[in-house]
Amino acid sequence: MNAKIISLSNQKGGVGKTTISRLLGHILAFLDRKTLLIDTDPQGNLTKSLIDEEEPGLYEALTGADYDISEIVPNLFLLAGSIRLAALEKSLIGEMDAYIRLKELLADDLFREFDYCLIDSPPSLGVLTINALVASKYIIAPMNPAIYSLQGTNDLMATIAKVKKNLNPDLTFLGVIINAFDAHPVITRQIREEIVSSFGELVFRTTLSRSVKIEEALAARRGLTRGESKVGDEIALIGEELIERIELSRTGSKEAVPVPSEVEA
Ligand SMILES: Nc1ncnc2c1ncn2[C@@H]1O[C@H](COP(=O)(O)OP(=O)(O)OP(=O)(O)O)[C@@H](O)[C@H]1O
Ligand SMILES: [Mg+2]
């Protein structure tokens with residue numbers, strides 16, 4: 001069985017791509033899915049949230065050098081990012097294989113042992129994000145219910161459509177995860193409704209609340225589990241819904257859920 005490869009992408013910064021990659025990684029690992037986190041962001045936030053020492057990771061892997069895959073907890077592994085990826089992004093411009101490097105890497109037998117690969121993308125639609133989308137079967141877009149959060153979504157949808165058309169016809173928009181939700185302000189609830197009316201069933205049923213427990217878990221370098229807090233329950237439900245959308249999809253390799261018209265454009 002090949003790994004199910006999922007990109008967490010949104011060119012908007014600070015919406016929770018890295019947080020959700022890490023927390024979902026822990027949940028999938030807990031649910032007995034052997035999971036590899038891949039940090040394609042030169043900021044390396046995902047990497048720094050999981051390991052201390054810089055080690056040869058994605059940059060080395062994409063440039064043909066030796067690299068390590070670190071075990072974080074049982075069933076959860078990391079292919080580390082680093083600032084060197086910024087230089088790679090520049091040097092790839094104009095190269096014939098600029099957009100398929102990550103796809104080619106993940107075709108290696110070594111990666112077949114993973115059930116899931118979660119790829120954390122940088123906040124841009126540049127070469128590294130396109131590498132993530134070309135290598136992936138699925139894309140999830142985390143979004144904040146904040147003013148302007150839907151702005152820029154069209155750029156993301158247009159990029160997905162171009163990648164589908166030119167480079168990866170299999171790419172499937174798996175859904176939107178609404179993150180950092182605070183139910184008190186009326187405006188936040190209104191924006192959530194706007195996101196739901198734009199994306200329909202593509203919005204994950206469970207929303208991840210804004211909570212200091214998320215920063216606490218980050219500081220303690222641990223995941224969240226069901227029963228420990230509201231956000232622990234929420235991320236567990238999101239993980240289960242992810243598995244449901246992928247593993248229980250009756251359509252198999254086809255779209256797991258309806259696609260908004262922009263994606264098909
Ligand atoms: N639900 C939440 N509750 C509280 N804090 C959160 C939540 N989600 C994310 N954060 C915090 O918000 C900040 C931004 O989140 P994160 O780094 O995951 O976003 P990102 O989309 O990966 O950002 P970038 O675009 O820079 O890569 C982090 O400090 C993170 O700990
Ligand atoms: Mg990030």
# chains A, B, ... in the order shown; residues from 1 in each chain; ligands from 1

$ residues_around --residues "stretch 37-40 of chain A" --least-positions-apart "4" --cutoff "8 Å" --atoms "only C-alpha atoms" --output "PyMOL selection string"
chain A and resi 21-22+25+44+46-47+58+76-81+85+117-122+128-129+132

$ select_by_dssp --residues "stretch 57-163 of chain A" --states "strand (DSSP E or B)" --output "PyMOL selection string"
chain A and resi 70-73+76-79+116-120+138-143

$ residues_around --residues "A:Arg221" --least-positions-apart "2" --cutoff "12 Å" --atoms "only C-alpha atoms" --output "list in words"
Thr19, Arg22, Leu23, His26, Leu46, Thr47, Lys48, Ser49, Leu50, Ile51, Asp52, Ile72, Val73, Lys213, Ile214, Glu215, Glu216, Ala217, Leu218, Ala219, Gly223 and Leu224 of chain A

$ write_last_selection --atoms "N, CA and C atoms" --output "PDB file, in the first residue's frame"
ATOM      1  N   THR A  19       0.542  23.809  13.021  1.00  0.00           N
ATOM      2  CA  THR A  19      -0.091  23.277  14.247  1.00  0.00           C
ATOM      3  C   THR A  19      -0.935  22.049  13.921  1.00  0.00           C
ATOM      4  N   ARG A  22       1.114  18.953  12.953  1.00  0.00           N
ATOM      5  CA  ARG A  22       1.725  18.300  14.114  1.00  0.00           C
ATOM      6  C   ARG A  22       0.675  17.560  14.953  1.00  0.00           C
ATOM      7  N   LEU A  23      -0.446  18.246  15.244  1.00  0.00           N
ATOM      8  CA  LEU A  23      -1.463  17.618  16.099  1.00  0.00           C
ATOM      9  C   LEU A  23      -2.128  16.433  15.410  1.00  0.00           C
ATOM     10  N   HIS A  26       0.195  13.422  15.537  1.00  0.00           N
ATOM     11  CA  HIS A  26       0.118  12.701  16.820  1.00  0.00           C
ATOM     12  C   HIS A  26      -1.146  11.838  16.888  1.00  0.00           C
ATOM     13  N   LEU A  46       7.671  23.526  12.058  1.00  0.00           N
ATOM     14  CA  LEU A  46       7.245  22.174  12.430  1.00  0.00           C
ATOM     15  C   LEU A  46       8.437  21.409  13.018  1.00  0.00           C
ATOM     16  N   THR A  47       9.569  21.534  12.339  1.00  0.00           N
ATOM     17  CA  THR A  47      10.781  20.835  12.780  1.00  0.00           C
ATOM     18  C   THR A  47      11.171  21.295  14.186  1.00  0.00           C
ATOM     19  N   LYS A  48      11.202  22.625  14.381  1.00  0.00           N
ATOM     20  CA  LYS A  48      11.621  23.150  15.693  1.00  0.00           C
ATOM     21  C   LYS A  48      10.646  22.740  16.777  1.00  0.00           C
ATOM     22  N   SER A  49       9.386  22.504  16.404  1.00  0.00           N
ATOM     23  CA  SER A  49       8.417  22.109  17.421  1.00  0.00           C
ATOM     24  C   SER A  49       8.565  20.634  17.813  1.00  0.00           C
ATOM     25  N   LEU A  50       9.408  19.904  17.080  1.00  0.00           N
ATOM     26  CA  LEU A  50       9.511  18.464  17.361  1.00  0.00           C
ATOM     27  C   LEU A  50      10.905  18.001  17.762  1.00  0.00           C
ATOM     28  N   ILE A  51      11.955  18.632  17.224  1.00  0.00           N
ATOM     29  CA  ILE A  51      13.321  18.180  17.550  1.00  0.00           C
ATOM     30  C   ILE A  51      14.228  19.372  17.880  1.00  0.00           C
ATOM     31  N   ASP A  52      15.297  19.104  18.644  1.00  0.00           N
ATOM     32  CA  ASP A  52      16.238  20.157  19.065  1.00  0.00           C
ATOM     33  C   ASP A  52      17.322  20.400  18.050  1.00  0.00           C
ATOM     34  N   ILE A  72       9.715  10.518  16.329  1.00  0.00           N
ATOM     35  CA  ILE A  72       9.316  11.488  17.352  1.00  0.00           C
ATOM     36  C   ILE A  72       8.686  10.759  18.540  1.00  0.00           C
ATOM     37  N   VAL A  73       7.685   9.945  18.247  1.00  0.00           N
ATOM     38  CA  VAL A  73       7.073   9.041  19.226  1.00  0.00           C
ATOM     39  C   VAL A  73       6.751   7.786  18.406  1.00  0.00           C
ATOM     40  N   LYS A 213      -4.279  25.824  25.344  1.00  0.00           N
ATOM     41  CA  LYS A 213      -3.782  24.425  25.452  1.00  0.00           C
ATOM     42  C   LYS A 213      -2.928  24.070  24.239  1.00  0.00           C
ATOM     43  N   ILE A 214      -3.209  24.735  23.110  1.00  0.00           N
ATOM     44  CA  ILE A 214      -2.449  24.439  21.893  1.00  0.00           C
ATOM     45  C   ILE A 214      -1.032  24.973  22.031  1.00  0.00           C
ATOM     46  N   GLU A 215      -0.900  26.180  22.549  1.00  0.00           N
ATOM     47  CA  GLU A 215       0.442  26.750  22.785  1.00  0.00           C
ATOM     48  C   GLU A 215       1.156  25.948  23.888  1.00  0.00           C
ATOM     49  N   GLU A 216       0.411  25.521  24.896  1.00  0.00           N
ATOM     50  CA  GLU A 216       1.029  24.742  25.988  1.00  0.00           C
ATOM     51  C   GLU A 216       1.573  23.416  25.455  1.00  0.00           C
ATOM     52  N   ALA A 217       0.786  22.771  24.590  1.00  0.00           N
ATOM     53  CA  ALA A 217       1.240  21.488  24.025  1.00  0.00           C
ATOM     54  C   ALA A 217       2.476  21.713  23.158  1.00  0.00           C
ATOM     55  N   LEU A 218       2.480  22.845  22.425  1.00  0.00           N
ATOM     56  CA  LEU A 218       3.637  23.176  21.581  1.00  0.00           C
ATOM     57  C   LEU A 218       4.874  23.356  22.455  1.00  0.00           C
ATOM     58  N   ALA A 219       4.728  24.126  23.541  1.00  0.00           N
ATOM     59  CA  ALA A 219       5.864  24.388  24.437  1.00  0.00           C
ATOM     60  C   ALA A 219       6.377  23.080  25.053  1.00  0.00           C
ATOM     61  N   GLY A 223       1.603  16.083  21.775  1.00  0.00           N
ATOM     62  CA  GLY A 223       0.338  16.185  21.059  1.00  0.00           C
ATOM     63  C   GLY A 223      -0.801  16.393  22.047  1.00  0.00           C
ATOM     64  N   LEU A 224      -2.015  16.360  21.540  1.00  0.00           N
ATOM     65  CA  LEU A 224      -3.200  16.463  22.396  1.00  0.00           C
ATOM     66  C   LEU A 224      -3.989  15.178  22.203  1.00  0.00           C
TER      67      LEU A 224
END

$ closest_atom_pairs --of "chain A" --to "ligand 2" --cutoff "6 Å" --atoms "only C-alpha atoms and all ligand atoms" --output "tab-separated table"
residue	atom	partner	partner_atom_place_in_ligand_line	distance
A:Lys17	CA	ligand 2	1 (Mg)	5.2
A:Thr18	CA	ligand 2	1 (Mg)	4.1
A:Asn45	CA	ligand 2	1 (Mg)	6.0
A:Pro122	CA	ligand 2	1 (Mg)	5.9

$ write_last_selection --atoms "N, CA and C atoms" --output "compact mmCIF listing (two decimals), in the first residue's frame"
# COMPACT_ATOMS: atom_id res chain seq x y z
N LYS A 17 -1.43 25.79 9.64
CA LYS A 17 -0.92 24.67 8.82
C LYS A 17 0.03 23.80 9.65
N THR A 18 0.97 24.46 10.32
CA THR A 18 1.98 23.71 11.08
C THR A 18 1.37 23.06 12.31
N ASN A 45 9.28 25.70 11.25
CA ASN A 45 8.54 25.74 12.53
C ASN A 45 8.12 24.35 12.99
N PRO A 122 4.82 26.06 3.22
CA PRO A 122 5.07 27.45 3.60
C PRO A 122 3.89 28.35 3.21

$ residues_around --residues "A:Lys4" --least-positions-apart "2" --cutoff "9 Å" --atoms "only C-alpha atoms" --output "list in words"
Met1, Asn2, Ile6, Phe114, Asp115, Tyr116, Cys117, Leu118, Ser136, Lys137, Tyr138 and Ile246 of chain A

$ residues_around --residues "stretch 239-242 of chain A" --least-positions-apart "5" --cutoff "8 Å" --atoms "only C-alpha atoms" --output "list in words"
Leu24, Ile27, Leu28, Phe204 and Arg205 of chain A

$ closest_residue --among "A:Ile178, A:Asp66, A:Asp32, A:Val186" --to "A:Ile238" --atoms "only C-alpha atoms"
A:Ile178

$ closest_residue --among "A:Ala180, A:Ala141, A:Leu237, A:Ile195" --to "ligand 1" --atoms "only C-alpha atoms and all ligand atoms"
A:Ala180

$ select_by_dssp --residues "stretch 125-261 of chain A" --states "helix (DSSP H, G or I)" --output "count of residues only"
67
